[in-house]
Amino acid sequence: MRGSDLHLLYFAWLRERVGKAEEVITLPEGVGTVGDLLAWLRGRGPGYAAALANARTVRCAVNQDFAGPETPVRAGDEVAFFPPVTGG
Amino acid sequence: MRGSDLHLLYFAWLRERVGKAEEVITLPEGVGTVGDLLAWLRGRGPGYAAALANARTVRCAVNQDFAGPETPVRAGDEVAFFPPVTGG
Amino acid sequence: MATVRVQAEPFDVGAEMAALTAGRTGIGGIGCFVGVVRATGGITAMTLEHYPGMTERALAGIAEQAEQRWDLLGCTLIHRIGRLTPGEGIVLVLAASGHRQAALEATTFLIDWLKTGAPFWKKERFADGKEAWVEAKEGEGLCPSTPLGPVGPRPLYFR
Amino acid sequence: MATVRVQAEPFDVGAEMAALTAGRTGIGGIGCFVGVVRATGGITAMTLEHYPGMTERALAGIAEQAEQRWDLLGCTLIHRIGRLTPGEGIVLVLAASGHRQAALEATTFLIDWLKTGAPFWKKERFADGKEAWVEAKEGEGLCPSTPLGPVGPRPLYFR
């Protein structure tokens with residue numbers, strides 16, 4: 001992973017729909033927040049679109065802290081997308 | 001124990017002050033309630049008086065149900081006196 | 001349905017949990033509380049006295065009340081008597097339910113009642129060999145905060 | 001001070017309690033909750049996924065928060081991952097304190113948070129071989145009812 005990269009992680013059914021558990025991408029131009037990244041990822045293909053379509057059921061963590069749509073995303077960050085948690 | 005008897009039980013420091021764990025007495029004349037019995041017992045000797053002096057710290061059960069001063073006492077009953085409980 | 005015991009022997013929490021869950025498939029959670037003898041104020045041992053007969057009846061009564069009030073699939077109450085030393089378990093409450101809230105609420109209810117409404121008395125022994133009966137705190141024992149139900153009305157003050 | 005583990009292996013409640021109390025003399029009570037896999041709706045097994053790294057951090061963070069909020073002498077959080085079958089323990093919470101109220105309140109707080117704020121996901125397997133991810137109930141997962149504190153702000157809806 002280079003300094004300009006984002007480390008993306010997917011869990012549970014998001015992982016299954018996206019078709020991978022993780023990937024490293026170059027921080028896309030114009031992406032400054034979690035909301036921007038979500039919109040950009042939806043355009044990457046049908047798997048991504050299906051996984052991320054219903055924003056109500058998508059959660060995010062940036063560098064392992066829960067994040068919201070306005071949370072900044074910077075090169076070098078670890079960004080995870082996942083469904084609402086169902087532990088315990 | 002005969003039909004006209006009371007079975008008395010004492011627990012914890014009441015037992016120690018009275019000097020016995022249990023006794024069988026004939027239901028005294030004029031004793032119809034726990035309050036009557038308590039007053040009667042106090043007159044039986046210094047051990048009883050010391051054990052039963054402070055009514056705030058005396059509890060009672062008649063036939064193994066918690067009882068109050070107005071609870072009736074009848075021949076054949078099991079009447080227990082004890083301090084506030086400190087279990088757990 | 002409840003398991004209720006007054007015993008001198010230590011209890012094994014894992015074994016009691018296994019016994020409670022054995023053959024019951026609807027359980028989603030088990031609430032549990034273990035009371036432990038504290039080594040405060042130089043206590044070296046403790047002796048627990050109870051009212052044989054009444055105690056067991058009272059425990060069975062409160063377990064039944066908990067089972068009526070919450071949707072329990074079973075509960076276990078074990079209270080030790082006799083001599084105990086600091087660090088030893090003195091009382092065990094288990095309440096199993098389909099859901100965590102019922103299990104935990106019932107556990108809290110049962111231990112509150114065991115502390116304030118069950119006929120047990122503690123005598124503490126100190127390092128210097130002296131012994132003293134534990135006094136009930138105001139609000140504990142003096143006025144049980146939970147309804148006693150099947151075991152009778154609240155104990156009253158004799159004034 | 002807290003013990004926090006994410007593990008595939010079963011946990012032994014008795015052993016964890018013994019480890020929690022070992023060498024701690026002020027403990028008067030241990031609150032405990034065990035979550036159990038229910039065999040409802042024909043479930044034959046369950047697979048637990050988590051977010052390695054974040055999960056452990058989140059568990060340590062919530063344990064620290066509980067220790068700040070209540071007068072605890074220690075607590076233990078163990079959550080299992082991987083494949084589990086009905087009747088198996090899935091999560092263990094222990095909270096030790098000098099007094100029962102703190103122990104039981106902290107236990108309730110910790111299991112509430114584990115159910116609604118910790119990054120775990122369950123997939124159920126049914127008798128016919130089908131599998132389905134468990135959906136969070138409204139009010140669980142969607143909006144954690146307890147503050148997440150050290151692990152970050154509440155997850156937000158993307159609208």
# chains A, B, ... in the order shown; residues from 1 in each chain; ligands from 1
$ calpha_fit_and_write --fixed "chain C" --moving "chain D" --output "PDB file with C-alpha atoms, in the first residue's frame"
ATOM      1  CA  MET D   1     -39.091 -25.775  37.563  1.00  0.00           C
ATOM      2  CA  ALA D   2     -36.672 -23.827  39.735  1.00  0.00           C
ATOM      3  CA  THR D   3     -33.712 -25.425  41.470  1.00  0.00           C
ATOM      4  CA  VAL D   4     -33.446 -24.215  45.071  1.00  0.00           C
ATOM      5  CA  ARG D   5     -30.811 -25.387  47.530  1.00  0.00           C
ATOM      6  CA  VAL D   6     -29.432 -24.423  50.930  1.00  0.00           C
ATOM      7  CA  GLN D   7     -26.111 -26.172  51.381  1.00  0.00           C
ATOM      8  CA  ALA D   8     -22.811 -26.102  53.264  1.00  0.00           C
ATOM      9  CA  GLU D   9     -20.793 -27.241  50.225  1.00  0.00           C
ATOM     10  CA  PRO D  10     -19.330 -24.847  47.638  1.00  0.00           C
ATOM     11  CA  PHE D  11     -21.236 -24.535  44.367  1.00  0.00           C
ATOM     12  CA  ASP D  12     -19.798 -24.931  40.872  1.00  0.00           C
ATOM     13  CA  VAL D  13     -21.172 -22.157  38.640  1.00  0.00           C
ATOM     14  CA  GLY D  14     -20.295 -23.962  35.402  1.00  0.00           C
ATOM     15  CA  ALA D  15     -21.952 -27.191  36.534  1.00  0.00           C
ATOM     16  CA  GLU D  16     -25.077 -25.347  37.703  1.00  0.00           C
ATOM     17  CA  MET D  17     -25.310 -23.525  34.364  1.00  0.00           C
ATOM     18  CA  ALA D  18     -24.938 -26.800  32.497  1.00  0.00           C
ATOM     19  CA  ALA D  19     -27.671 -28.372  34.641  1.00  0.00           C
ATOM     20  CA  LEU D  20     -29.946 -25.392  34.028  1.00  0.00           C
ATOM     21  CA  THR D  21     -29.516 -25.428  30.255  1.00  0.00           C
ATOM     22  CA  ALA D  22     -29.548 -29.237  29.800  1.00  0.00           C
ATOM     23  CA  GLY D  23     -32.463 -30.255  27.610  1.00  0.00           C
ATOM     24  CA  ARG D  24     -33.829 -26.703  27.272  1.00  0.00           C
ATOM     25  CA  THR D  25     -33.516 -25.428  23.702  1.00  0.00           C
ATOM     26  CA  GLY D  26     -35.224 -22.019  23.869  1.00  0.00           C
ATOM     27  CA  ILE D  27     -32.597 -20.375  26.069  1.00  0.00           C
ATOM     28  CA  GLY D  28     -31.006 -17.265  24.558  1.00  0.00           C
ATOM     29  CA  GLY D  29     -29.339 -15.936  27.665  1.00  0.00           C
ATOM     30  CA  ILE D  30     -28.490 -16.731  31.264  1.00  0.00           C
ATOM     31  CA  GLY D  31     -28.242 -14.001  33.855  1.00  0.00           C
ATOM     32  CA  CYS D  32     -26.082 -14.853  36.824  1.00  0.00           C
ATOM     33  CA  PHE D  33     -24.960 -13.352  40.100  1.00  0.00           C
ATOM     34  CA  VAL D  34     -22.401 -14.777  42.516  1.00  0.00           C
ATOM     35  CA  GLY D  35     -22.102 -13.228  45.979  1.00  0.00           C
ATOM     36  CA  VAL D  36     -18.597 -13.466  47.384  1.00  0.00           C
ATOM     37  CA  VAL D  37     -17.376 -13.192  50.992  1.00  0.00           C
ATOM     38  CA  ARG D  38     -15.381  -9.978  51.198  1.00  0.00           C
ATOM     39  CA  ALA D  39     -12.232  -9.657  53.247  1.00  0.00           C
ATOM     40  CA  THR D  40     -13.066  -6.201  54.544  1.00  0.00           C
ATOM     41  CA  GLY D  41     -12.362  -4.914  58.042  1.00  0.00           C
ATOM     42  CA  GLY D  42     -10.118  -7.817  58.944  1.00  0.00           C
ATOM     43  CA  ILE D  43     -12.737 -10.529  58.491  1.00  0.00           C
ATOM     44  CA  THR D  44     -11.156 -13.975  58.531  1.00  0.00           C
ATOM     45  CA  ALA D  45     -14.318 -16.085  58.322  1.00  0.00           C
ATOM     46  CA  MET D  46     -18.081 -15.918  58.357  1.00  0.00           C
ATOM     47  CA  THR D  47     -20.786 -18.235  59.660  1.00  0.00           C
ATOM     48  CA  LEU D  48     -24.182 -18.381  58.008  1.00  0.00           C
ATOM     49  CA  GLU D  49     -27.238 -19.469  59.975  1.00  0.00           C
ATOM     50  CA  HIS D  50     -30.665 -20.074  58.467  1.00  0.00           C
ATOM     51  CA  TYR D  51     -34.185 -21.168  59.413  1.00  0.00           C
ATOM     52  CA  PRO D  52     -34.446 -24.748  58.137  1.00  0.00           C
ATOM     53  CA  GLY D  53     -37.780 -25.273  56.471  1.00  0.00           C
ATOM     54  CA  MET D  54     -38.781 -21.629  56.169  1.00  0.00           C
ATOM     55  CA  THR D  55     -35.682 -20.727  54.160  1.00  0.00           C
ATOM     56  CA  GLU D  56     -36.228 -23.402  51.520  1.00  0.00           C
ATOM     57  CA  ARG D  57     -39.928 -22.496  51.323  1.00  0.00           C
ATOM     58  CA  ALA D  58     -39.109 -18.805  50.973  1.00  0.00           C
ATOM     59  CA  LEU D  59     -36.553 -19.487  48.226  1.00  0.00           C
ATOM     60  CA  ALA D  60     -38.982 -21.692  46.310  1.00  0.00           C
ATOM     61  CA  GLY D  61     -41.661 -19.019  46.706  1.00  0.00           C
ATOM     62  CA  ILE D  62     -39.524 -16.198  45.342  1.00  0.00           C
ATOM     63  CA  ALA D  63     -38.307 -18.352  42.446  1.00  0.00           C
ATOM     64  CA  GLU D  64     -41.931 -19.064  41.558  1.00  0.00           C
ATOM     65  CA  GLN D  65     -42.696 -15.362  41.739  1.00  0.00           C
ATOM     66  CA  ALA D  66     -39.808 -14.548  39.380  1.00  0.00           C
ATOM     67  CA  GLU D  67     -40.999 -17.214  36.959  1.00  0.00           C
ATOM     68  CA  GLN D  68     -44.468 -15.668  36.949  1.00  0.00           C
ATOM     69  CA  ARG D  69     -43.173 -12.133  36.485  1.00  0.00           C
ATOM     70  CA  TRP D  70     -40.623 -12.807  33.743  1.00  0.00           C
ATOM     71  CA  ASP D  71     -40.635 -15.222  30.842  1.00  0.00           C
ATOM     72  CA  LEU D  72     -38.068 -17.563  32.349  1.00  0.00           C
ATOM     73  CA  LEU D  73     -37.109 -21.013  31.137  1.00  0.00           C
ATOM     74  CA  GLY D  74     -35.659 -21.903  34.508  1.00  0.00           C
ATOM     75  CA  CYS D  75     -33.802 -20.498  37.481  1.00  0.00           C
ATOM     76  CA  THR D  76     -31.418 -21.676  40.176  1.00  0.00           C
ATOM     77  CA  LEU D  77     -30.982 -20.318  43.701  1.00  0.00           C
ATOM     78  CA  ILE D  78     -28.230 -21.718  45.892  1.00  0.00           C
ATOM     79  CA  HIS D  79     -27.347 -20.206  49.258  1.00  0.00           C
ATOM     80  CA  ARG D  80     -24.575 -21.560  51.416  1.00  0.00           C
ATOM     81  CA  ILE D  81     -24.681 -21.951  55.191  1.00  0.00           C
ATOM     82  CA  GLY D  82     -22.059 -22.735  57.794  1.00  0.00           C
ATOM     83  CA  ARG D  83     -18.488 -21.459  57.813  1.00  0.00           C
ATOM     84  CA  LEU D  84     -17.105 -19.546  54.820  1.00  0.00           C
ATOM     85  CA  THR D  85     -13.847 -17.702  54.259  1.00  0.00           C
ATOM     86  CA  PRO D  86     -13.140 -14.552  52.199  1.00  0.00           C
ATOM     87  CA  GLY D  87     -13.193 -15.146  48.467  1.00  0.00           C
ATOM     88  CA  GLU D  88     -15.673 -18.019  48.707  1.00  0.00           C
ATOM     89  CA  GLY D  89     -18.974 -17.893  46.853  1.00  0.00           C
ATOM     90  CA  ILE D  90     -21.859 -17.511  49.291  1.00  0.00           C
ATOM     91  CA  VAL D  91     -24.887 -17.248  47.012  1.00  0.00           C
ATOM     92  CA  LEU D  92     -25.644 -18.111  43.385  1.00  0.00           C
ATOM     93  CA  VAL D  93     -28.531 -16.865  41.247  1.00  0.00           C
ATOM     94  CA  LEU D  94     -29.121 -18.101  37.687  1.00  0.00           C
ATOM     95  CA  ALA D  95     -32.051 -17.063  35.501  1.00  0.00           C
ATOM     96  CA  ALA D  96     -32.433 -18.417  31.962  1.00  0.00           C
ATOM     97  CA  SER D  97     -34.703 -16.887  29.353  1.00  0.00           C
ATOM     98  CA  GLY D  98     -35.139 -16.528  25.617  1.00  0.00           C
ATOM     99  CA  HIS D  99     -34.008 -12.917  25.915  1.00  0.00           C
ATOM    100  CA  ARG D 100     -31.350 -11.097  27.876  1.00  0.00           C
ATOM    101  CA  GLN D 101     -33.553  -8.456  29.461  1.00  0.00           C
ATOM    102  CA  ALA D 102     -35.806 -10.951  31.255  1.00  0.00           C
ATOM    103  CA  ALA D 103     -32.783 -12.982  32.363  1.00  0.00           C
ATOM    104  CA  LEU D 104     -30.966  -9.968  33.806  1.00  0.00           C
ATOM    105  CA  GLU D 105     -34.007  -8.340  35.407  1.00  0.00           C
ATOM    106  CA  ALA D 106     -34.973 -11.610  37.098  1.00  0.00           C
ATOM    107  CA  THR D 107     -31.387 -12.087  38.316  1.00  0.00           C
ATOM    108  CA  THR D 108     -31.394  -8.621  39.880  1.00  0.00           C
ATOM    109  CA  PHE D 109     -34.819  -9.186  41.468  1.00  0.00           C
ATOM    110  CA  LEU D 110     -33.780 -12.530  42.938  1.00  0.00           C
ATOM    111  CA  ILE D 111     -30.502 -11.383  44.463  1.00  0.00           C
ATOM    112  CA  ASP D 112     -32.148  -8.231  45.861  1.00  0.00           C
ATOM    113  CA  TRP D 113     -34.706 -10.419  47.562  1.00  0.00           C
ATOM    114  CA  LEU D 114     -32.143 -12.948  48.803  1.00  0.00           C
ATOM    115  CA  LYS D 115     -30.268 -10.071  50.433  1.00  0.00           C
ATOM    116  CA  THR D 116     -33.318  -8.526  52.074  1.00  0.00           C
ATOM    117  CA  GLY D 117     -36.024 -11.128  52.500  1.00  0.00           C
ATOM    118  CA  ALA D 118     -34.548 -14.583  53.008  1.00  0.00           C
ATOM    119  CA  PRO D 119     -34.035 -15.883  56.561  1.00  0.00           C
ATOM    120  CA  PHE D 120     -30.240 -16.017  56.725  1.00  0.00           C
ATOM    121  CA  TRP D 121     -27.996 -14.427  59.326  1.00  0.00           C
ATOM    122  CA  LYS D 122     -24.263 -13.758  59.071  1.00  0.00           C
ATOM    123  CA  LYS D 123     -21.739 -13.751  61.889  1.00  0.00           C
ATOM    124  CA  GLU D 124     -18.304 -12.374  61.090  1.00  0.00           C
ATOM    125  CA  ARG D 125     -15.075 -13.543  62.684  1.00  0.00           C
ATOM    126  CA  PHE D 126     -12.098 -11.195  62.871  1.00  0.00           C
ATOM    127  CA  ALA D 127      -8.352 -11.678  62.997  1.00  0.00           C
ATOM    128  CA  ASP D 128      -8.329 -11.096  66.783  1.00  0.00           C
ATOM    129  CA  GLY D 129     -10.766 -13.995  67.280  1.00  0.00           C
ATOM    130  CA  LYS D 130     -13.749 -11.764  68.044  1.00  0.00           C
ATOM    131  CA  GLU D 131     -17.092 -12.488  66.442  1.00  0.00           C
ATOM    132  CA  ALA D 132     -20.020 -10.213  65.637  1.00  0.00           C
ATOM    133  CA  TRP D 133     -23.390 -10.631  63.974  1.00  0.00           C
ATOM    134  CA  VAL D 134     -23.751  -8.529  60.842  1.00  0.00           C
ATOM    135  CA  GLU D 135     -26.359  -5.809  61.297  1.00  0.00           C
ATOM    136  CA  ALA D 136     -28.882  -5.229  58.560  1.00  0.00           C
ATOM    137  CA  LYS D 137     -28.569  -1.869  56.866  1.00  0.00           C
ATOM    138  CA  GLU D 138     -31.649   0.347  57.000  1.00  0.00           C
ATOM    139  CA  GLY D 139     -33.587  -0.544  53.907  1.00  0.00           C
ATOM    140  CA  GLU D 140     -32.167  -4.044  53.885  1.00  0.00           C
ATOM    141  CA  GLY D 141     -33.816  -6.683  55.977  1.00  0.00           C
ATOM    142  CA  LEU D 142     -35.678  -4.078  57.984  1.00  0.00           C
ATOM    143  CA  CYS D 143     -37.929  -3.239  55.045  1.00  0.00           C
ATOM    144  CA  PRO D 144     -37.534  -5.621  52.120  1.00  0.00           C
ATOM    145  CA  SER D 145     -37.739  -3.573  48.965  1.00  0.00           C
ATOM    146  CA  THR D 146     -39.334  -6.389  46.990  1.00  0.00           C
ATOM    147  CA  PRO D 147     -42.736  -7.971  47.592  1.00  0.00           C
ATOM    148  CA  LEU D 148     -42.415 -11.253  49.442  1.00  0.00           C
ATOM    149  CA  GLY D 149     -45.556 -12.679  47.884  1.00  0.00           C
ATOM    150  CA  PRO D 150     -45.947 -16.393  48.598  1.00  0.00           C
ATOM    151  CA  VAL D 151     -43.700 -16.260  51.636  1.00  0.00           C
ATOM    152  CA  GLY D 152     -45.956 -13.811  53.441  1.00  0.00           C
ATOM    153  CA  PRO D 153     -46.289 -10.075  54.102  1.00  0.00           C
ATOM    154  CA  ARG D 154     -43.320  -7.822  54.766  1.00  0.00           C
ATOM    155  CA  PRO D 155     -41.840  -8.131  58.230  1.00  0.00           C
ATOM    156  CA  LEU D 156     -43.203  -5.326  60.381  1.00  0.00           C
ATOM    157  CA  TYR D 157     -41.625  -3.289  63.089  1.00  0.00           C
ATOM    158  CA  PHE D 158     -42.830  -4.054  66.598  1.00  0.00           C
ATOM    159  CA  ARG D 159     -43.375  -0.608  68.001  1.00  0.00           C
TER     160      ARG D 159
END
$ closest_atom_pairs --of "chain A" --to "chain D" --cutoff "12 Å" --atoms "only C-alpha atoms" --output "tab-separated table"
residue	atom	partner	partner_atom	distance
A:Leu9	CA	D:Tyr51	CA	9.0
A:Tyr10	CA	D:Tyr51	CA	9.2
A:Phe11	CA	D:Tyr51	CA	7.5
A:Ala12	CA	D:Trp121	CA	6.3
A:Trp13	CA	D:Trp133	CA	6.9
A:Leu14	CA	D:Trp133	CA	10.5
A:Arg15	CA	D:Glu49	CA	11.0
A:Glu16	CA	D:Trp133	CA	10.7
A:Ala21	CA	D:Tyr51	CA	10.7
A:Glu22	CA	D:Tyr51	CA	11.6
A:Thr33	CA	D:Phe158	CA	12.0
A:Val34	CA	D:Phe158	CA	9.4
A:Gly35	CA	D:Phe158	CA	7.5
A:Asp36	CA	D:Phe158	CA	11.0
A:Leu37	CA	D:Phe158	CA	11.8
A:Leu38	CA	D:Phe158	CA	9.2
A:Ala39	CA	D:Phe158	CA	10.7
A:Leu52	CA	D:Phe158	CA	10.1
A:Ala53	CA	D:Phe158	CA	10.4
A:Asn54	CA	D:Phe158	CA	8.5
A:Ala55	CA	D:Phe158	CA	4.9
A:Arg56	CA	D:Tyr157	CA	5.3
A:Thr57	CA	D:Tyr157	CA	7.7
A:Val58	CA	D:Phe158	CA	7.3
A:Arg59	CA	D:Pro155	CA	6.4
A:Cys60	CA	D:Pro155	CA	7.3
A:Ala61	CA	D:Pro155	CA	8.3
A:Val62	CA	D:Gly152	CA	9.8
A:Asn63	CA	D:Met54	CA	8.4
A:Gln64	CA	D:Met54	CA	5.0
A:Asp65	CA	D:Gly152	CA	5.1
A:Phe66	CA	D:Gly152	CA	5.4
A:Ala67	CA	D:Pro155	CA	6.0
A:Gly68	CA	D:Leu156	CA	5.1
A:Pro69	CA	D:Phe158	CA	6.0
A:Glu70	CA	D:Phe158	CA	9.5
A:Thr71	CA	D:Leu156	CA	10.4
A:Glu78	CA	D:Met54	CA	10.8
A:Val79	CA	D:Met54	CA	11.3
A:Ala80	CA	D:Tyr51	CA	8.9
A:Phe81	CA	D:Tyr51	CA	10.4
A:Phe82	CA	D:Pro119	CA	8.7
A:Pro83	CA	D:Trp121	CA	8.0
A:Pro84	CA	D:Gly141	CA	4.9
A:Val85	CA	D:Gly141	CA	4.9
A:Thr86	CA	D:Trp121	CA	4.9
A:Gly87	CA	D:Phe120	CA	4.6
A:Gly88	CA	D:Lys115	CA	4.7
$ atom_distance --atom1 "CA of Arg2 in chain A" --atom2 "CA of Ala49 in chain A"
26.5 Å
$ select_by_dssp --residues "chain A" --states "strand (DSSP E or B)" --output "list in words"
Asp5, Leu6, His7, Leu8, Leu9, Tyr10, Glu22, Glu23, Val24, Ile25, Thr26, Thr33, Arg59, Cys60, Ala61, Val62, Asp65, Phe66, Ala67, Pro72, Glu78, Val79, Ala80, Phe81 and Phe82 of chain A
$ write_last_selection --atoms "N, CA and C atoms" --output "short mmCIF file (atom, residue, chain, number, x, y, z; two decimals), in the first residue's frame"
data_model
loop_
_atom_site.label_atom_id
_atom_site.label_comp_id
_atom_site.auth_asym_id
_atom_site.auth_seq_id
_atom_site.Cartn_x
_atom_site.Cartn_y
_atom_site.Cartn_z
N ASP A 5 -2.85 5.47 -1.15
CA ASP A 5 -3.84 4.40 -1.25
C ASP A 5 -4.86 4.43 -0.11
N LEU A 6 -6.01 3.84 -0.41
CA LEU A 6 -7.03 3.56 0.61
C LEU A 6 -7.12 2.05 0.78
N HIS A 7 -7.21 1.61 2.01
CA HIS A 7 -7.43 0.19 2.28
C HIS A 7 -8.91 0.00 2.58
N LEU A 8 -9.60 -0.71 1.70
CA LEU A 8 -11.05 -0.91 1.88
C LEU A 8 -11.34 -2.31 2.39
N LEU A 9 -12.26 -2.42 3.35
CA LEU A 9 -12.67 -3.71 3.90
C LEU A 9 -14.18 -3.85 3.80
N TYR A 10 -14.65 -5.07 3.55
CA TYR A 10 -16.09 -5.33 3.49
C TYR A 10 -16.41 -6.53 4.38
N GLU A 22 -11.44 -7.49 0.92
CA GLU A 22 -10.67 -6.24 1.01
C GLU A 22 -10.01 -5.92 -0.31
N GLU A 23 -9.62 -4.67 -0.44
CA GLU A 23 -8.91 -4.23 -1.64
C GLU A 23 -8.18 -2.93 -1.32
N VAL A 24 -7.18 -2.65 -2.12
CA VAL A 24 -6.45 -1.39 -1.98
C VAL A 24 -6.71 -0.58 -3.25
N ILE A 25 -7.19 0.65 -3.07
CA ILE A 25 -7.43 1.50 -4.24
C ILE A 25 -6.67 2.81 -4.06
N THR A 26 -6.47 3.50 -5.15
CA THR A 26 -5.91 4.84 -5.08
C THR A 26 -7.05 5.80 -4.73
N THR A 33 -14.88 12.51 1.64
CA THR A 33 -15.63 12.02 2.80
C THR A 33 -16.11 10.59 2.54
N ARG A 59 -23.08 0.50 7.17
CA ARG A 59 -22.34 1.20 8.23
C ARG A 59 -20.89 1.34 7.78
N CYS A 60 -20.17 2.23 8.44
CA CYS A 60 -18.81 2.49 8.01
C CYS A 60 -17.92 2.74 9.23
N ALA A 61 -16.69 2.35 9.11
CA ALA A 61 -15.68 2.74 10.10
C ALA A 61 -14.46 3.25 9.34
N VAL A 62 -13.89 4.35 9.81
CA VAL A 62 -12.65 4.87 9.25
C VAL A 62 -11.57 4.70 10.31
N ASP A 65 -12.79 3.41 13.71
CA ASP A 65 -13.80 4.14 14.49
C ASP A 65 -15.06 4.25 13.64
N PHE A 66 -16.22 4.04 14.28
CA PHE A 66 -17.47 4.21 13.54
C PHE A 66 -17.49 5.60 12.92
N ALA A 67 -18.00 5.68 11.69
CA ALA A 67 -17.94 6.94 10.94
C ALA A 67 -19.30 7.24 10.33
N PRO A 72 -14.22 12.59 7.22
CA PRO A 72 -13.20 12.74 6.16
C PRO A 72 -12.50 11.42 5.85
N GLU A 78 -7.84 3.33 6.55
CA GLU A 78 -8.51 2.03 6.44
C GLU A 78 -10.00 2.31 6.55
N VAL A 79 -10.74 2.02 5.49
CA VAL A 79 -12.19 2.30 5.49
C VAL A 79 -12.94 0.99 5.33
N ALA A 80 -13.85 0.71 6.31
CA ALA A 80 -14.61 -0.55 6.28
C ALA A 80 -16.09 -0.26 6.10
N PHE A 81 -16.74 -1.07 5.27
CA PHE A 81 -18.19 -1.00 5.11
C PHE A 81 -18.80 -2.32 5.57
N PHE A 82 -19.93 -2.23 6.26
CA PHE A 82 -20.54 -3.44 6.82
C PHE A 82 -22.00 -3.17 7.17
#
$ atom_distance --atom1 "CA of Leu41 in chain A" --atom2 "CA of Gly3 in chain A"
20.0 Å
